[in-house]
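Structure file input.cif (mmCIF, C-alpha atoms and all ligand atoms) is printed below.
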```cif
data_entry
#
loop_
_atom_site.label_atom_id
_atom_site.label_comp_id
_atom_site.auth_asym_id
_atom_site.auth_seq_id
_atom_site.Cartn_x
_atom_site.Cartn_y
_atom_site.Cartn_z
CA MET A 1 0.00 0.00 0.00
CA PHE A 2 2.87 2.34 0.85
CA PRO A 3 5.54 1.73 -1.80
CA ALA A 4 9.10 1.57 -0.49
CA LEU A 5 11.19 4.41 -1.91
CA SER A 6 14.13 2.05 -2.12
CA SER A 7 14.21 -1.54 -1.00
CA ARG A 8 17.64 -0.92 0.55
CA ARG A 9 16.39 1.88 2.73
CA TRP A 10 14.98 1.13 6.18
CA GLN A 11 11.34 2.06 6.44
CA PRO A 12 9.84 2.52 9.90
CA ALA A 13 6.50 0.86 10.55
CA LEU A 14 3.71 3.40 10.16
CA PRO A 15 1.28 4.01 13.01
CA ALA A 16 -2.38 3.37 12.32
CA LYS A 17 -4.30 6.62 11.79
CA SER A 18 -5.84 6.17 15.21
CA ARG A 19 -2.37 6.14 16.82
CA TYR A 20 -1.17 9.18 14.89
CA PHE A 21 -1.14 12.05 17.39
CA ASP A 22 0.78 14.60 15.32
CA ASN A 23 -2.18 16.24 13.62
CA ALA A 24 -0.75 19.74 14.09
CA ALA A 25 2.13 18.76 11.79
CA THR A 26 -0.21 17.38 9.16
CA THR A 27 -3.40 15.33 8.94
CA PRO A 28 -4.24 12.27 6.84
CA VAL A 29 -6.18 13.21 3.71
CA ASP A 30 -9.86 12.32 4.14
CA GLU A 31 -10.89 9.54 1.74
CA ARG A 32 -13.77 11.66 0.45
CA VAL A 33 -11.25 14.36 -0.45
CA VAL A 34 -9.05 11.88 -2.33
CA ARG A 35 -12.08 10.58 -4.24
CA GLU A 36 -13.06 14.04 -5.48
CA MET A 37 -9.49 14.95 -6.38
CA LEU A 38 -8.79 11.90 -8.54
CA PRO A 39 -10.78 12.93 -11.65
CA PHE A 40 -8.65 16.08 -11.84
CA PHE A 41 -5.53 13.97 -12.33
CA GLU A 42 -7.33 11.95 -14.99
CA ASP A 43 -9.77 13.30 -17.62
CA GLY A 44 -10.18 16.60 -15.79
CA PHE A 45 -6.50 17.53 -16.13
CA GLY A 46 -7.16 20.85 -17.91
CA ASN A 47 -5.41 24.13 -17.12
CA ALA A 48 -7.91 26.38 -15.33
CA ASN A 49 -6.73 29.33 -17.44
CA SER A 50 -7.40 27.70 -20.82
CA ILE A 51 -10.50 28.80 -22.69
CA HIS A 52 -11.41 25.41 -24.14
CA GLY A 53 -13.84 23.00 -22.48
CA SER A 54 -11.14 21.14 -20.61
CA GLY A 55 -9.90 24.38 -19.08
CA GLN A 56 -13.40 25.62 -18.31
CA ARG A 57 -14.24 22.45 -16.43
CA ALA A 58 -11.14 22.90 -14.28
CA ARG A 59 -12.01 26.59 -13.81
CA ALA A 60 -15.52 25.73 -12.60
CA ALA A 61 -14.09 23.27 -10.06
CA VAL A 62 -11.60 25.87 -8.83
CA GLU A 63 -14.33 28.48 -8.36
CA LEU A 64 -16.51 26.00 -6.46
CA ALA A 65 -13.57 25.29 -4.15
CA ARG A 66 -13.11 29.04 -3.63
CA GLU A 67 -16.76 29.33 -2.56
CA ARG A 68 -16.45 26.36 -0.21
CA LEU A 69 -13.34 27.70 1.50
CA ALA A 70 -14.81 31.23 1.72
CA SER A 71 -17.88 29.80 3.40
CA LEU A 72 -15.80 27.77 5.91
CA ILE A 73 -13.79 30.77 7.11
CA GLY A 74 -16.66 33.24 6.84
CA ALA A 75 -15.23 35.44 4.05
CA GLU A 76 -17.87 37.79 2.64
CA ASP A 77 -16.91 37.10 -0.96
CA PRO A 78 -15.05 34.19 -2.62
CA SER A 79 -12.95 36.74 -4.55
CA GLN A 80 -11.22 37.50 -1.23
CA ILE A 81 -9.57 34.07 -1.38
CA LEU A 82 -6.25 33.80 -3.17
CA PHE A 83 -4.95 30.26 -3.72
CA THR A 84 -1.30 29.69 -2.78
CA SER A 85 0.99 26.73 -2.12
CA GLY A 86 0.24 26.92 1.59
CA ALA A 87 0.50 29.04 4.71
CA THR A 88 4.27 29.57 4.38
CA GLU A 89 3.81 31.29 1.02
CA SER A 90 0.73 33.20 2.25
CA ASN A 91 2.64 34.46 5.30
CA ASN A 92 5.61 35.52 3.18
CA GLN A 93 3.37 37.27 0.67
CA VAL A 94 1.54 39.34 3.24
CA LEU A 95 4.70 40.33 5.13
CA ARG A 96 6.37 41.42 1.90
CA SER A 97 3.41 43.64 1.09
CA PHE A 98 4.26 46.23 3.79
CA HIS A 99 7.17 48.37 4.93
CA THR A 100 6.46 48.70 8.65
CA VAL A 101 5.43 45.47 10.30
CA ALA A 102 5.36 44.10 13.84
CA VAL A 103 4.88 40.41 14.65
CA SER A 104 4.09 38.63 17.89
CA PRO A 105 6.91 36.64 19.51
CA PHE A 106 4.85 33.45 19.20
CA GLU A 107 4.51 33.27 15.42
CA HIS A 108 5.30 30.24 13.29
CA SER A 109 8.75 30.37 11.66
CA SER A 110 7.11 31.28 8.31
CA VAL A 111 6.19 34.65 9.88
CA TRP A 112 9.01 34.96 12.37
CA GLU A 113 11.92 34.25 10.03
CA PRO A 114 10.79 36.60 7.22
CA ALA A 115 10.12 39.26 9.88
CA LYS A 116 13.70 38.88 11.15
CA THR A 117 15.15 38.86 7.63
CA LEU A 118 13.20 41.94 6.59
CA GLY A 119 14.17 43.80 9.76
CA PHE A 120 10.64 44.03 11.18
CA GLU A 121 9.81 44.45 14.85
CA ILE A 122 9.32 41.30 16.92
CA LEU A 123 7.21 42.30 19.90
CA GLU A 124 8.49 41.49 23.36
CA ASN A 125 6.48 38.92 25.27
CA GLN A 126 4.82 39.40 28.65
CA GLY A 127 3.94 35.87 29.65
CA LEU A 128 1.47 34.63 27.08
CA THR A 129 0.73 38.14 25.77
CA PHE A 130 3.15 40.76 24.49
CA LYS A 131 3.96 44.45 24.53
CA THR A 132 2.16 46.44 21.87
CA PRO A 133 4.25 48.25 19.23
CA GLY A 134 5.80 51.56 20.26
CA LYS A 135 4.54 53.33 17.14
CA THR A 136 1.66 52.52 14.83
CA VAL A 137 2.74 50.11 12.13
CA GLN A 138 1.16 49.31 8.77
CA LEU A 139 0.74 45.63 9.58
CA LEU A 140 0.61 43.62 12.77
CA SER A 141 0.74 39.84 12.61
CA LEU A 142 -0.77 37.68 15.35
CA MET A 143 -1.67 34.03 14.88
CA SER A 144 -5.04 32.79 16.16
CA VAL A 145 -3.83 29.40 17.47
CA ASN A 146 -0.21 28.61 18.24
CA ASN A 147 1.08 25.45 16.59
CA GLU A 148 3.37 24.45 19.46
CA ILE A 149 1.44 25.21 22.62
CA GLY A 150 -2.12 25.65 21.32
CA THR A 151 -2.67 29.08 22.89
CA ILE A 152 -5.57 31.03 21.37
CA TRP A 153 -5.26 34.79 20.76
CA GLN A 154 -7.72 37.42 19.51
CA PRO A 155 -5.98 39.11 16.56
CA ALA A 156 -8.90 41.49 15.98
CA GLN A 157 -7.97 43.26 19.22
CA MET A 158 -4.79 44.43 17.50
CA GLU A 159 -6.77 46.71 15.17
CA ARG A 160 -5.92 49.83 17.13
CA TYR A 161 -2.16 49.32 16.89
CA ALA A 162 -1.88 48.87 13.14
CA GLU A 163 -3.51 49.94 9.92
CA PHE A 164 -3.93 46.29 8.93
CA VAL A 165 -4.06 43.04 10.90
CA HIS A 166 -2.80 39.70 9.62
CA SER A 167 -3.58 36.41 11.31
CA ASP A 168 -2.06 33.02 10.62
CA ILE A 169 -5.18 30.89 11.08
CA THR A 170 -3.53 27.62 9.97
CA GLN A 171 -4.15 25.78 13.25
CA ALA A 172 -7.67 27.14 13.67
CA VAL A 173 -9.31 26.46 10.30
CA GLY A 174 -11.80 23.62 10.40
CA LYS A 175 -11.14 23.10 14.10
CA ILE A 176 -12.41 26.10 15.99
CA PRO A 177 -14.67 28.85 14.60
CA VAL A 178 -12.74 31.56 12.75
CA ASP A 179 -13.92 35.17 13.05
CA LEU A 180 -12.53 37.44 10.33
CA GLU A 181 -14.07 40.59 11.83
CA GLY A 182 -11.21 43.08 12.20
CA ILE A 183 -8.77 40.85 10.28
CA ASP A 184 -7.45 42.04 6.91
CA PHE A 185 -5.31 39.06 5.90
CA ALA A 186 -5.41 35.41 6.95
CA SER A 187 -3.16 32.49 5.97
CA LEU A 188 -3.93 28.78 5.93
CA SER A 189 -2.90 25.36 4.58
CA ALA A 190 -5.26 22.56 3.45
CA HIS A 191 -3.23 19.71 4.94
CA LYS A 192 -4.03 20.75 8.49
CA PHE A 193 -7.70 19.94 7.98
CA TYR A 194 -7.62 16.64 6.07
CA GLY A 195 -6.86 18.20 2.67
CA PRO A 196 -3.77 17.72 0.50
CA LYS A 197 -0.31 19.21 1.09
CA GLY A 198 1.18 22.00 -0.99
CA VAL A 199 -2.01 24.01 -1.30
CA GLY A 200 -3.42 26.79 0.85
CA ALA A 201 -4.84 30.27 0.70
CA LEU A 202 -4.41 33.90 1.62
CA TYR A 203 -7.64 35.69 2.56
CA HIS A 204 -7.66 39.45 2.01
CA GLY A 205 -10.25 41.95 3.19
CA ARG A 206 -10.02 45.69 2.45
CA VAL A 207 -6.94 45.61 0.21
CA PRO A 208 -5.23 42.89 -1.84
CA PRO A 209 -1.64 41.89 -1.00
CA GLN A 210 1.31 42.69 -3.28
CA THR A 211 2.19 40.01 -5.81
CA LEU A 212 4.94 37.69 -4.58
CA LEU A 213 5.19 35.28 -7.52
CA ILE A 214 5.39 37.48 -10.59
CA GLY A 215 5.08 36.07 -14.10
CA GLY A 216 1.50 35.10 -14.84
CA GLU A 217 -1.93 36.61 -14.80
CA GLN A 218 -3.46 33.89 -12.62
CA GLU A 219 -5.43 34.84 -9.52
CA ASN A 220 -6.11 38.36 -10.85
CA GLY A 221 -2.39 38.92 -11.22
CA LEU A 222 -1.86 38.43 -7.48
CA ARG A 223 -0.09 35.09 -7.87
CA GLY A 224 1.50 33.83 -11.05
CA GLY A 225 1.71 30.11 -11.76
CA THR A 226 -0.59 27.39 -13.11
CA LEU A 227 -3.25 26.58 -10.57
CA ASN A 228 -2.94 23.31 -8.64
CA VAL A 229 -6.42 22.18 -9.66
CA PRO A 230 -6.56 18.78 -7.89
CA GLY A 231 -5.12 20.33 -4.72
CA ILE A 232 -7.54 23.26 -4.79
CA VAL A 233 -10.47 20.91 -5.41
CA GLY A 234 -9.29 18.80 -2.46
CA MET A 235 -9.09 21.85 -0.21
CA GLY A 236 -12.66 22.78 -1.25
CA VAL A 237 -14.02 19.35 -0.35
CA ALA A 238 -12.05 19.35 2.91
CA SER A 239 -13.62 22.75 3.70
CA ASP A 240 -17.14 21.42 3.21
CA ILE A 241 -16.46 18.37 5.36
CA ALA A 242 -14.84 20.51 8.07
CA ALA A 243 -17.81 22.87 8.14
CA GLN A 244 -20.21 19.96 8.59
CA GLU A 245 -18.15 18.03 11.13
CA MET A 246 -16.43 20.76 13.16
CA CYS A 247 -18.69 20.46 16.23
CA VAL A 248 -18.56 16.67 16.36
CA ASN A 249 -14.78 16.62 15.96
CA HIS A 250 -14.34 19.35 18.56
CA ALA A 251 -16.32 17.37 21.14
CA HIS A 252 -14.39 14.21 20.21
CA VAL A 253 -10.93 15.70 20.70
CA LEU A 254 -12.02 17.43 23.92
CA GLU A 255 -12.93 14.04 25.32
CA LEU A 256 -9.67 12.41 24.20
CA ARG A 257 -7.69 15.25 25.68
CA SER A 258 -9.38 15.09 29.05
CA VAL A 259 -9.02 11.29 29.20
CA LEU A 260 -5.33 11.58 28.46
CA LEU A 261 -4.82 14.34 31.03
CA ASP A 262 -6.71 12.33 33.65
CA GLU A 263 -4.51 9.32 33.02
CA LEU A 264 -1.37 11.43 33.37
CA ARG A 265 -2.34 12.59 36.86
CA SER A 266 -0.41 9.67 38.35
CA CYS A 267 2.80 10.92 36.70
CA THR A 268 5.04 13.25 38.68
CA ASP A 269 7.00 16.33 37.65
CA TRP A 270 5.20 17.37 34.52
CA GLN A 271 3.46 20.54 33.43
CA GLN A 272 1.07 21.61 30.74
CA ASN A 273 2.11 24.59 28.58
CA GLY A 274 0.06 27.26 26.82
CA GLY A 275 -2.12 28.72 29.57
CA ASP A 276 -5.87 28.45 30.07
CA ARG A 277 -7.12 29.43 26.63
CA VAL A 278 -5.85 26.65 24.41
CA SER A 279 -7.16 24.78 21.40
CA PRO A 280 -8.31 21.30 22.47
CA TYR A 281 -6.46 19.96 19.42
CA ILE A 282 -2.98 20.74 20.78
CA LEU A 283 -1.53 19.54 24.06
CA SER A 284 1.98 20.65 24.96
CA ILE A 285 3.47 18.98 28.02
CA SER A 286 6.91 19.03 29.59
CA PHE A 287 8.38 16.25 31.70
CA LEU A 288 11.23 17.06 34.03
CA GLY A 289 14.49 15.11 33.69
CA ILE A 290 14.02 13.67 30.20
CA GLU A 291 14.56 14.72 26.59
CA GLY A 292 11.44 15.27 24.48
CA GLU A 293 13.16 13.64 21.49
CA SER A 294 13.82 10.43 23.45
CA LEU A 295 10.15 10.27 24.37
CA VAL A 296 9.16 10.73 20.72
CA VAL A 297 11.48 7.88 19.67
CA ASP A 298 10.24 5.54 22.42
CA LEU A 299 6.62 6.22 21.53
CA ASP A 300 7.38 5.70 17.86
CA ARG A 301 8.63 2.23 18.78
CA ALA A 302 5.35 1.66 20.60
CA GLY A 303 3.49 2.62 17.41
CA PHE A 304 2.53 6.22 18.21
CA ALA A 305 3.40 9.42 16.38
CA ILE A 306 3.84 12.52 18.55
CA SER A 307 6.19 15.45 18.21
CA SER A 308 8.82 17.20 20.26
CA GLY A 309 7.99 20.91 20.12
CA ALA A 310 7.04 22.09 16.62
CA ALA A 311 7.44 19.65 13.75
CA CYS A 312 8.96 22.34 11.55
CA SER A 313 11.86 22.70 13.97
CA SER A 314 12.02 19.15 15.28
CA HIS A 315 15.37 18.54 13.59
CA SER A 316 16.89 21.28 15.66
CA THR A 317 18.13 20.65 19.17
CA GLU A 318 17.69 24.31 20.12
CA PRO A 319 14.68 25.01 22.35
CA SER A 320 11.95 26.55 20.19
CA HIS A 321 11.62 30.35 19.99
CA VAL A 322 8.09 30.04 21.40
CA LEU A 323 9.25 28.30 24.59
CA GLY A 324 12.16 30.76 24.55
CA ALA A 325 9.77 33.73 24.38
CA LEU A 326 7.92 32.29 27.35
CA ASN A 327 11.21 32.12 29.29
CA THR A 328 10.61 28.42 29.89
CA GLU A 329 13.47 27.08 32.01
CA GLU A 330 15.74 24.84 29.96
CA LYS A 331 15.14 21.80 32.20
CA TRP A 332 11.42 22.02 31.30
CA ALA A 333 11.88 23.08 27.67
CA ARG A 334 14.05 20.02 26.95
CA GLY A 335 11.39 17.58 28.09
CA THR A 336 8.59 19.09 25.99
CA VAL A 337 6.41 17.06 23.67
CA ARG A 338 3.37 18.01 21.61
CA ILE A 339 0.42 15.67 21.30
CA SER A 340 -2.02 16.89 18.66
CA PHE A 341 -5.38 15.25 18.25
CA GLY A 342 -7.47 14.57 15.19
CA LYS A 343 -10.71 13.00 14.11
CA TYR A 344 -9.20 9.56 13.46
CA ASN A 345 -7.89 9.12 17.02
CA THR A 346 -10.04 6.88 19.19
CA LEU A 347 -10.70 6.66 22.90
CA GLU A 348 -8.87 3.35 22.96
CA SER A 349 -5.80 4.82 21.23
CA ALA A 350 -5.77 7.79 23.66
CA LEU A 351 -5.83 5.38 26.63
CA ASP A 352 -3.06 3.28 25.05
CA LEU A 353 -1.04 6.42 24.43
CA SER A 354 -1.30 7.52 28.05
CA ASP A 355 -0.10 4.07 29.18
CA SER A 356 2.85 4.12 26.80
CA LEU A 357 3.66 7.69 27.73
CA ARG A 358 3.76 6.90 31.45
CA HIS A 359 5.93 3.83 30.93
CA ALA A 360 8.32 5.65 28.60
CA VAL A 361 8.71 8.57 31.02
CA GLU A 362 9.40 6.21 33.94
CA ASN A 363 11.94 4.23 31.88
CA LEU A 364 13.74 7.30 30.64
CA ARG A 365 13.95 8.73 34.15
CA ARG A 366 15.28 5.46 35.49
CA MET A 367 18.00 5.41 32.82
CA ASN A 368 19.15 8.94 33.67
N1 LIG B 1 1.62 28.46 10.22
C1 LIG B 1 1.35 27.58 11.19
C2 LIG B 1 0.72 28.05 12.44
C3 LIG B 1 1.64 26.22 11.01
O1 LIG B 1 1.37 25.35 11.97
C4 LIG B 1 2.25 25.82 9.80
C5 LIG B 1 2.62 24.38 9.58
N2 LIG B 1 3.37 23.80 10.61
C6 LIG B 1 2.52 26.79 8.82
C7 LIG B 1 2.18 28.10 9.07
C8 LIG B 1 3.16 26.43 7.52
O2 LIG B 1 2.33 25.62 6.75
P1 LIG B 1 2.89 24.96 5.42
O3 LIG B 1 4.12 24.21 5.81
O4 LIG B 1 1.79 24.10 4.95
O5 LIG B 1 3.21 26.08 4.46
#
```
How does this structure look as structure tokens?
Amino acid sequence: MFPALSSRRWQPALPAKSRYFDNAATTPVDERVVREMLPFFEDGFGNANSIHGSGQRARAAVELARERLASLIGAEDPSQILFTSGATESNNQVLRSFHTVAVSPFEHSSVWEPAKTLGFEILENQGLTFKTPGKTVQLLSLMSVNNEIGTIWQPAQMERYAEFVHSDITQAVGKIPVDLEGIDFASLSAHKFYGPKGVGALYHGRVPPQTLLIGGEQENGLRGGTLNVPGIVGMGVASDIAAQEMCVNHAHVLELRSVLLDELRSCTDWQQNGGDRVSPYILSISFLGIEGESLVVDLDRAGFAISSGAACSSHSTEPSHVLGALNTEEKWARGTVRISFGKYNTLESALDLSDSLRHAVENLRRMN
């Protein structure tokens, strides 16, 4: 089912979807999404910018997807949705559209790194909030749900400090209700809500962003490049499914989370990160006296996928800039893991995970 890339290369056993607890890194593509994408690799392969029938069919599918995504995030008009290759591109595009920008200290690296490179202000944290900019800036960027610790913020409250507000809503879309009131730009990726990878969107309200990828008239000249029709179609279907199932999934992950936390009560020397207002989909916990990476490896052996800190930076041994911004003591930061829930996890798998987690923590502490 999963073809080996090379028979000589070692392939780890894959966890069942129910034992995959790294849904903030990416989610499995919903079968219904795959089914609707397939025809666009086959007979429906047309270029959405061609004027012949093949192109027009692709165009119609793209516009339907735009409507579906607009409806999921509550955009007033589908024309406010610009298709991109994902949240990284969307974040880069919006940051490069302005000269004076301030970003929160908790942003994903696809906001934080461009902000550093472009010499923009990174606001100083005060616990889980941050100091407001000294002078009014053109753009302020504040994510709605943090990908590492799950903390929820209210970007619309930033309106008074900047002409325009941008919010990275990647970890919120399809999971918790998104409110675009007071938000001028919003970035997202389809693969975080059971859609395909490599496709996403940039929502824009009052003004469009500057063009980042120049060299084509696609997307009203705001983004050159042939449209990823199957991917866009997949994101549209995933949007519809998310809209219909958001409440059920929310209740489901809340239950799994509370079961897991209950089971962990018998463990000693651990803490939960992210404060009181967190997305139920993301659970960041730190265990004293162990390395998060070792816990990830041990759980992988037991057939579970979890993550140490943020997946995007999991190859780095440096504590993440988010835990850094929170002044988390190194002894806690080192032992941090992220468990992120999804609709395919089951109660049974959450109970199994808590067992394995407890055993692995005890073993690792004993070995130290
Ligand atoms: N923003 C946030 C909050 C994310 O969690 C991610 C993915 N980890 C991204 C942006 C980047 O998404 P992508 O890699 O799909 O471009």
For stretch 150-157 of chain A, what centre and edge lengths in Å (one decimal) does the axis-aligned box get once 4 Å is added on each side of all its listed atoms, as JSON?
```
{"center_x": -5.5, "center_y": 34.5, "center_z": 19.4, "size_x": 14.8, "size_y": 25.6, "size_z": 14.9}
```
- At most 6 Å from ligand LIG 1 (chain B) (all atoms listed in the file): residue list as a count of residues only: 13
- Query: A:Leu357, A:Leu295, A:Leu123, A:Leu118: which is nearest A:Phe106, counting only C-alpha atoms?
  - Reply: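 Comparing A:Leu357, A:Leu295, A:Leu123, A:Leu118 against A:Phe106, the winner is A:Leu123.
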- Just the residues within 12 Å of stretch 206-210 of chain A, please, counting only C-alpha atoms, with nothing from its chain fewer than 3 positions along; format it as JSON, numbers by chain. {"A": [75, 76, 77, 79, 80, 81, 82, 90, 91, 92, 93, 94, 95, 96, 97, 98, 99, 139, 163, 164, 165, 166, 180, 181, 182, 183, 184, 185, 186, 187, 202, 203, 213, 214, 219, 220, 221, 222, 223, 224]}
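Atom to atom, atom CA of A:Ile306 and atom CA of A:Trp112 stand 23.8 Å apart.
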- Task: Find, counting only C-alpha atoms, the residue in A:Ser109, A:Arg68, A:Met235, A:Val137 that gets nearest to A:Glu121.
- Result: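 Under the stated criterion, the closest residue is A:Val137.
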- Query: Nearest to A:Ile282 among A:Ser294, A:Ser50, A:Asn23, A:Asn125, with distances taken over all atoms listed in the file: which residue is it?
  - Reply: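 With all atoms listed in the file as the atom set, the closest residue is A:Asn23.
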- Query: Which residue gives the smallest distance to A:Glu263 among A:Ser354, A:Ser18, A:Thr136, A:Gln154, with all atoms listed in the file counted?
  - Reply: A:Ser354
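Ranking A:Ala102, A:Gly303, A:Arg366, A:Asp179 by their shortest atom-to-atom distance to A:Gly119, with all atoms listed in the file included, puts A:Ala102 first.
Rounded to one decimal, atom CA of A:Phe341 and atom CA of A:Gly324 lie 24.2 Å from each other.
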- Item | Residue contacts of A:Ile339 (8 Å, only C-alpha atoms) excluding same-chain residues fewer than 5 positions away, as a list in words | Phe21, Asp22, Ile282, Leu283, Ser284, Ile306 and Ser307 of chain A
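Atom to atom, atom CA of A:Gly215 and atom CA of A:Gly195 stand 27.3 Å apart.
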- Can you pull out every residue within 10 Å of A:Ser349, counting all atoms listed in the file, but drop anything in the same chain fewer than 6 positions away, and send it as a ChimeraX atom specification? /A:16-21,256,260,304,355
- Message: Taking (10.7, 20.9, 25.7) in the coordinates of the supplied file, I want to know which residues reach to within 12 Å of it, counting all atoms listed in the file; could you give the answer as a PyMOL selection string?
- Response: chain A and resi 148-149+270-273+284-296+307-310+313-314+316-324+326-338
- Message: At a cut-off of 12 Å, using all atoms listed in the file, what residues contact A:Tyr161? Leave out same-chain residues fewer than 4 positions from it and give the result as an NGL selection string.
- Response: :A and (100-103 or 131-142 or 155-157 or 165 or 182)
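Counting all atoms listed in the file and comparing A:Val173, A:Ala13, A:Ala190, A:Ala251, the residue that lies closest to A:Val233 is A:Ala190.
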- Residues within 9 Å of A:Pro28, only C-alpha atoms, excluding chain neighbours under 3 positions, as an MDAnalysis selection string: chainID A and resid 17 23 31 191:196 344
- Task: Please work out which residues fall within 10 Å of (-16.1, 27.1, -1.6), coordinates as given in the file, with all atoms listed in the file counting, and return them as a list in words.
- Result: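 Residues close enough to count: Ala61, Val62, Glu63, Leu64, Ala65, Arg66, Glu67, Arg68, Leu69, Ala70, Ser71, Leu72, Ile73, Pro78, Ile81, Ile232, Val233, Met235, Gly236, Val237, Ala238, Ser239 and Asp240 of chain A.
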